[in-house]
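Worksheet: one structure, shown below.
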Amino acid sequence: MVNLSPAIIKKKPRPFFALTELPIASPVEAAADETATAGPGSYPVRCRRCAHLVTSAEKAIAVSGSHGHTYFNPHGIAFELGCFSAAPGIRVEGLLSAEFSWFKGYAWRYALCGNCDAHLGWQFVAETAGDFFGLIFAKLIEE
């Protein structure tokens, strides 16, 4: 589980950047314990368009040594995204594709808001390593 200081937590929705600087040590952390009680890092992460609950800060993980990543798609569009072990408010769509995957050994498909269908990022799936969500910071708000 990622532990955030109370100073980072705000009551009003704000741009989603606090999670880009989390000190996560392991290359890929296991999913947060589902039975853990809500703590300082459990604030909600919502869709910027409709405020639908997507995940929580406690689901933030490091992949390839970092929670936050910046990548370009084949069209040259840059995406700043954060990795999450689970995103119950997401609906995945499309067939898995390994083409242009930003994470070696992972296939991807689209991750959409479960309420308004906004494109929020991607689900990355690997046979041996499980799956995670790469969500676009600019399309999220945290409380």
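In the structure tokens, the first chain shown is A, the next is B, and so on; residue numbers restart at 1 for each chain, and ligands run from 1 in the order shown.
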
Find the residues near stretch 100-115 of chain A: any atom within 8 Å, counting only C-alpha atoms, skip ones fewer than 2 places away on the same chain, and give them as an mmCIF file with N, CA and C atoms, in the first residue's frame.
data_model
loop_
_atom_site.group_PDB
_atom_site.id
_atom_site.type_symbol
_atom_site.label_atom_id
_atom_site.label_comp_id
_atom_site.auth_asym_id
_atom_site.auth_seq_id
_atom_site.Cartn_x
_atom_site.Cartn_y
_atom_site.Cartn_z
ATOM 1 N N CYS A 47 -12.911 10.322 -12.385
ATOM 2 C CA CYS A 47 -12.908 10.786 -13.773
ATOM 3 C C CYS A 47 -13.084 12.306 -13.769
ATOM 4 N N CYS A 50 -16.758 13.375 -15.380
ATOM 5 C CA CYS A 50 -18.051 13.172 -14.699
ATOM 6 C C CYS A 50 -17.941 12.925 -13.198
ATOM 7 N N HIS A 52 -16.935 10.315 -11.672
ATOM 8 C CA HIS A 52 -17.177 8.911 -11.318
ATOM 9 C C HIS A 52 -15.949 8.353 -10.591
ATOM 10 N N VAL A 54 -13.118 6.079 -9.900
ATOM 11 C CA VAL A 54 -12.369 5.168 -10.776
ATOM 12 C C VAL A 54 -11.513 4.214 -9.956
ATOM 13 N N SER A 64 8.095 -0.939 -13.707
ATOM 14 C CA SER A 64 9.390 -0.557 -14.291
ATOM 15 C C SER A 64 10.063 0.536 -13.461
ATOM 16 N N TYR A 71 4.934 8.698 -22.082
ATOM 17 C CA TYR A 71 5.152 7.965 -23.325
ATOM 18 C C TYR A 71 4.488 8.693 -24.480
ATOM 19 N N ASN A 73 2.568 8.006 -28.230
ATOM 20 C CA ASN A 73 1.961 6.985 -29.073
ATOM 21 C C ASN A 73 2.541 7.098 -30.488
ATOM 22 N N PRO A 74 2.213 6.184 -31.403
ATOM 23 C CA PRO A 74 2.782 6.240 -32.758
ATOM 24 C C PRO A 74 2.461 7.526 -33.528
ATOM 25 N N GLY A 89 -13.750 1.287 -11.153
ATOM 26 C CA GLY A 89 -14.642 2.177 -11.884
ATOM 27 C C GLY A 89 -14.352 2.266 -13.370
ATOM 28 N N ILE A 90 -13.459 1.429 -13.843
ATOM 29 C CA ILE A 90 -13.055 1.406 -15.261
ATOM 30 C C ILE A 90 -13.796 0.294 -15.987
ATOM 31 N N ARG A 91 -14.095 0.559 -17.252
ATOM 32 C CA ARG A 91 -14.630 -0.468 -18.157
ATOM 33 C C ARG A 91 -13.580 -0.640 -19.245
ATOM 34 N N VAL A 92 -13.121 -1.895 -19.466
ATOM 35 C CA VAL A 92 -12.135 -2.143 -20.521
ATOM 36 C C VAL A 92 -12.848 -2.489 -21.814
ATOM 37 N N GLU A 93 -12.219 -2.110 -22.923
ATOM 38 C CA GLU A 93 -12.830 -2.346 -24.227
ATOM 39 C C GLU A 93 -11.749 -2.673 -25.248
ATOM 40 N N GLY A 94 -12.089 -3.555 -26.172
ATOM 41 C CA GLY A 94 -11.191 -3.899 -27.271
ATOM 42 C C GLY A 94 -10.426 -5.179 -27.009
ATOM 43 N N LEU A 95 -9.862 -5.693 -28.091
ATOM 44 C CA LEU A 95 -9.023 -6.883 -28.000
ATOM 45 C C LEU A 95 -7.645 -6.485 -27.489
ATOM 46 N N LEU A 96 -6.998 -7.393 -26.788
ATOM 47 C CA LEU A 96 -5.636 -7.129 -26.326
ATOM 48 C C LEU A 96 -4.703 -7.028 -27.529
ATOM 49 N N SER A 97 -3.778 -6.075 -27.474
ATOM 50 C CA SER A 97 -2.809 -5.872 -28.538
ATOM 51 C C SER A 97 -1.422 -5.692 -27.931
ATOM 52 N N ALA A 98 -0.433 -6.336 -28.504
ATOM 53 C CA ALA A 98 0.950 -6.174 -28.048
ATOM 54 C C ALA A 98 1.684 -5.118 -28.885
ATOM 55 N N ASP A 117 -17.827 6.867 -20.289
ATOM 56 C CA ASP A 117 -17.057 6.290 -21.403
ATOM 57 C C ASP A 117 -15.878 7.136 -21.862
ATOM 58 N N ALA A 118 -15.437 8.118 -21.079
ATOM 59 C CA ALA A 118 -14.243 8.888 -21.443
ATOM 60 C C ALA A 118 -13.039 7.951 -21.454
ATOM 61 N N HIS A 119 -12.137 8.161 -22.412
ATOM 62 C CA HIS A 119 -10.903 7.369 -22.454
ATOM 63 C C HIS A 119 -9.983 7.855 -21.333
ATOM 64 N N LEU A 120 -9.724 6.982 -20.351
ATOM 65 C CA LEU A 120 -8.899 7.358 -19.199
ATOM 66 C C LEU A 120 -7.520 6.727 -19.223
ATOM 67 N N GLY A 121 -7.294 5.764 -20.128
ATOM 68 C CA GLY A 121 -5.993 5.114 -20.185
ATOM 69 C C GLY A 121 -6.093 3.736 -20.787
ATOM 70 N N TRP A 122 -5.291 2.809 -20.223
ATOM 71 C CA TRP A 122 -5.198 1.462 -20.769
ATOM 72 C C TRP A 122 -5.062 0.438 -19.654
ATOM 73 N N GLN A 123 -5.537 -0.757 -19.922
ATOM 74 C CA GLN A 123 -5.245 -1.899 -19.065
ATOM 75 C C GLN A 123 -4.101 -2.642 -19.734
ATOM 76 N N PHE A 124 -3.077 -2.991 -18.966
ATOM 77 C CA PHE A 124 -1.937 -3.743 -19.467
ATOM 78 C C PHE A 124 -1.982 -5.131 -18.845
ATOM 79 N N VAL A 125 -1.876 -6.164 -19.689
ATOM 80 C CA VAL A 125 -2.031 -7.548 -19.249
ATOM 81 C C VAL A 125 -0.835 -8.366 -19.717
ATOM 82 N N ALA A 126 -0.266 -9.155 -18.809
ATOM 83 C CA ALA A 126 0.813 -10.097 -19.136
ATOM 84 C C ALA A 126 0.440 -11.457 -18.576
ATOM 85 N N PHE A 133 -3.395 -1.000 -14.509
ATOM 86 C CA PHE A 133 -3.972 0.067 -15.307
ATOM 87 C C PHE A 133 -2.993 1.223 -15.392
ATOM 88 N N LEU A 135 -3.293 4.964 -16.143
ATOM 89 C CA LEU A 135 -4.331 5.984 -16.271
ATOM 90 C C LEU A 135 -3.717 7.361 -16.502
#

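Atom CA of A:Ile136 lies 11.6 Å from atom CA of A:Val45.
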
At what distance in Å, to one decimal, does atom CA of A:Ile77 lie from atom CA of A:Glu58? 28.5 Å

Given the choices A:Leu81, A:Ala57, A:Arg49, A:Thr70, which gets closest to A:Phe137 if the distance is worked out from only C-alpha atoms?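 Distance minimum relative to A:Phe137 lands on A:Leu81.
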
Give me every strand (DSSP E or B) residue in stretch 46-143 of chain A, going by DSSP on the backbone, as a VMD selection string. chain A and resid 46 to 47 53 to 56 60 63 66 68 to 72 78 to 84 90 to 97 107 to 113 119 to 126 130 to 136 140 to 142

Convert the current residue selection to file output with N, CA and C atoms, as a compact mmCIF listing (two decimals), in the first residue's frame.
# COMPACT_ATOMS: atom_id res chain seq x y z
N ARG A 46 -10.98 10.12 -9.30
CA ARG A 46 -12.21 10.19 -10.09
C ARG A 46 -11.95 10.63 -11.53
N CYS A 47 -12.91 10.32 -12.38
CA CYS A 47 -12.91 10.79 -13.77
C CYS A 47 -13.08 12.31 -13.77
N LEU A 53 -16.16 7.60 -9.52
CA LEU A 53 -15.07 6.99 -8.78
C LEU A 53 -14.40 5.92 -9.64
N VAL A 54 -13.12 6.08 -9.90
CA VAL A 54 -12.37 5.17 -10.78
C VAL A 54 -11.51 4.21 -9.96
N THR A 55 -10.76 4.75 -9.00
CA THR A 55 -9.87 3.95 -8.15
C THR A 55 -9.56 4.78 -6.91
N SER A 56 -8.53 4.40 -6.17
CA SER A 56 -8.10 5.19 -5.02
C SER A 56 -6.58 5.26 -5.01
N ALA A 60 -2.13 2.86 -6.13
CA ALA A 60 -0.98 3.29 -6.92
C ALA A 60 0.16 2.29 -6.74
N VAL A 63 5.64 0.41 -11.68
CA VAL A 63 5.91 -0.55 -12.76
C VAL A 63 7.17 -0.06 -13.45
N SER A 66 8.76 2.90 -11.45
CA SER A 66 8.12 4.19 -11.21
C SER A 66 6.61 4.08 -11.28
N GLY A 68 4.76 6.95 -12.08
CA GLY A 68 4.46 7.84 -13.20
C GLY A 68 5.35 7.59 -14.39
N HIS A 69 4.77 7.68 -15.58
CA HIS A 69 5.50 7.46 -16.83
C HIS A 69 5.01 8.48 -17.87
N THR A 70 5.89 8.84 -18.79
CA THR A 70 5.52 9.66 -19.94
C THR A 70 5.90 8.90 -21.20
N TYR A 71 4.93 8.70 -22.08
CA TYR A 71 5.15 7.97 -23.33
C TYR A 71 4.49 8.69 -24.48
N PHE A 72 4.98 8.43 -25.69
CA PHE A 72 4.38 8.93 -26.92
C PHE A 72 3.76 7.77 -27.67
N ALA A 78 1.82 12.77 -26.61
CA ALA A 78 2.41 12.40 -25.32
C ALA A 78 1.33 12.11 -24.29
N PHE A 79 1.57 11.12 -23.46
CA PHE A 79 0.66 10.77 -22.37
C PHE A 79 1.47 10.64 -21.09
N GLU A 80 1.03 11.34 -20.04
CA GLU A 80 1.59 11.17 -18.70
C GLU A 80 0.61 10.31 -17.94
N LEU A 81 1.08 9.16 -17.48
CA LEU A 81 0.16 8.24 -16.82
C LEU A 81 0.75 7.68 -15.55
N GLY A 82 -0.15 7.23 -14.67
CA GLY A 82 0.21 6.57 -13.42
C GLY A 82 -0.30 5.16 -13.44
N CYS A 83 0.39 4.28 -12.74
CA CYS A 83 0.05 2.85 -12.72
C CYS A 83 -0.73 2.51 -11.45
N PHE A 84 -1.79 1.73 -11.62
CA PHE A 84 -2.66 1.33 -10.52
C PHE A 84 -2.92 -0.17 -10.60
N ILE A 90 -13.46 1.43 -13.84
CA ILE A 90 -13.05 1.41 -15.26
C ILE A 90 -13.80 0.29 -15.99
N ARG A 91 -14.09 0.56 -17.25
CA ARG A 91 -14.63 -0.47 -18.16
C ARG A 91 -13.58 -0.64 -19.25
N VAL A 92 -13.12 -1.90 -19.47
CA VAL A 92 -12.13 -2.14 -20.52
C VAL A 92 -12.85 -2.49 -21.81
N GLU A 93 -12.22 -2.11 -22.92
CA GLU A 93 -12.83 -2.35 -24.23
C GLU A 93 -11.75 -2.67 -25.25
N GLY A 94 -12.09 -3.55 -26.17
CA GLY A 94 -11.19 -3.90 -27.27
C GLY A 94 -10.43 -5.18 -27.01
N LEU A 95 -9.86 -5.69 -28.09
CA LEU A 95 -9.02 -6.88 -28.00
C LEU A 95 -7.65 -6.49 -27.49
N LEU A 96 -7.00 -7.39 -26.79
CA LEU A 96 -5.64 -7.13 -26.33
C LEU A 96 -4.70 -7.03 -27.53
N SER A 97 -3.78 -6.08 -27.47
CA SER A 97 -2.81 -5.87 -28.54
C SER A 97 -1.42 -5.69 -27.93
N ALA A 107 0.43 -6.78 -23.09
CA ALA A 107 -0.52 -6.37 -24.12
C ALA A 107 -1.45 -5.34 -23.49
N TRP A 108 -2.12 -4.55 -24.32
CA TRP A 108 -2.97 -3.49 -23.79
C TRP A 108 -4.34 -3.50 -24.45
N ARG A 109 -5.28 -2.85 -23.77
CA ARG A 109 -6.59 -2.52 -24.32
C ARG A 109 -7.06 -1.25 -23.63
N TYR A 110 -8.07 -0.62 -24.21
CA TYR A 110 -8.53 0.67 -23.72
C TYR A 110 -9.21 0.56 -22.35
N ALA A 111 -8.98 1.60 -21.52
CA ALA A 111 -9.65 1.73 -20.22
C ALA A 111 -10.53 2.97 -20.29
N LEU A 112 -11.84 2.77 -20.14
CA LEU A 112 -12.81 3.85 -20.24
C LEU A 112 -13.49 4.07 -18.90
N CYS A 113 -13.96 5.28 -18.67
CA CYS A 113 -14.75 5.55 -17.47
C CYS A 113 -15.99 4.67 -17.50
N HIS A 119 -12.14 8.16 -22.41
CA HIS A 119 -10.90 7.37 -22.45
C HIS A 119 -9.98 7.86 -21.33
N LEU A 120 -9.72 6.98 -20.35
CA LEU A 120 -8.90 7.36 -19.20
C LEU A 120 -7.52 6.73 -19.22
N GLY A 121 -7.29 5.76 -20.13
CA GLY A 121 -5.99 5.11 -20.19
C GLY A 121 -6.09 3.74 -20.79
N TRP A 122 -5.29 2.81 -20.22
CA TRP A 122 -5.20 1.46 -20.77
C TRP A 122 -5.06 0.44 -19.65
N GLN A 123 -5.54 -0.76 -19.92
CA GLN A 123 -5.25 -1.90 -19.07
C GLN A 123 -4.10 -2.64 -19.73
N PHE A 124 -3.08 -2.99 -18.97
CA PHE A 124 -1.94 -3.74 -19.47
C PHE A 124 -1.98 -5.13 -18.84
N VAL A 125 -1.88 -6.16 -19.69
CA VAL A 125 -2.03 -7.55 -19.25
C VAL A 125 -0.84 -8.37 -19.72
N ALA A 126 -0.27 -9.16 -18.81
CA ALA A 126 0.81 -10.10 -19.14
C ALA A 126 0.44 -11.46 -18.58
N GLY A 130 0.46 -10.73 -14.47
CA GLY A 130 -0.83 -10.17 -14.10
C GLY A 130 -1.16 -8.94 -14.92
N ASP A 131 -1.95 -8.04 -14.34
CA ASP A 131 -2.35 -6.84 -15.07
C ASP A 131 -2.32 -5.62 -14.17
N PHE A 132 -2.37 -4.45 -14.81
CA PHE A 132 -2.45 -3.18 -14.10
C PHE A 132 -3.06 -2.17 -15.05
N PHE A 133 -3.39 -1.00 -14.51
CA PHE A 133 -3.97 0.07 -15.31
C PHE A 133 -2.99 1.22 -15.39
N GLY A 134 -2.81 1.76 -16.58
CA GLY A 134 -2.05 2.98 -16.81
C GLY A 134 -3.06 4.07 -17.10
N LEU A 135 -3.29 4.96 -16.14
CA LEU A 135 -4.33 5.98 -16.27
C LEU A 135 -3.72 7.36 -16.50
N ILE A 136 -4.32 8.13 -17.39
CA ILE A 136 -3.81 9.43 -17.82
C ILE A 136 -4.09 10.47 -16.73
N LEU A 140 -7.89 12.73 -14.79
CA LEU A 140 -8.30 12.31 -13.45
C LEU A 140 -8.27 13.48 -12.49
N ILE A 141 -9.05 13.37 -11.42
CA ILE A 141 -8.97 14.29 -10.29
C ILE A 141 -8.88 13.46 -9.02
N GLU A 142 -8.24 14.01 -8.02
CA GLU A 142 -8.17 13.34 -6.72
C GLU A 142 -8.77 14.26 -5.68

Atom-to-atom span, atom CA of A:Lys139 and atom CA of A:Gly65, Å: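 Atom CA of A:Gly65 lies at a distance of 22.8 Å from atom CA of A:Lys139.
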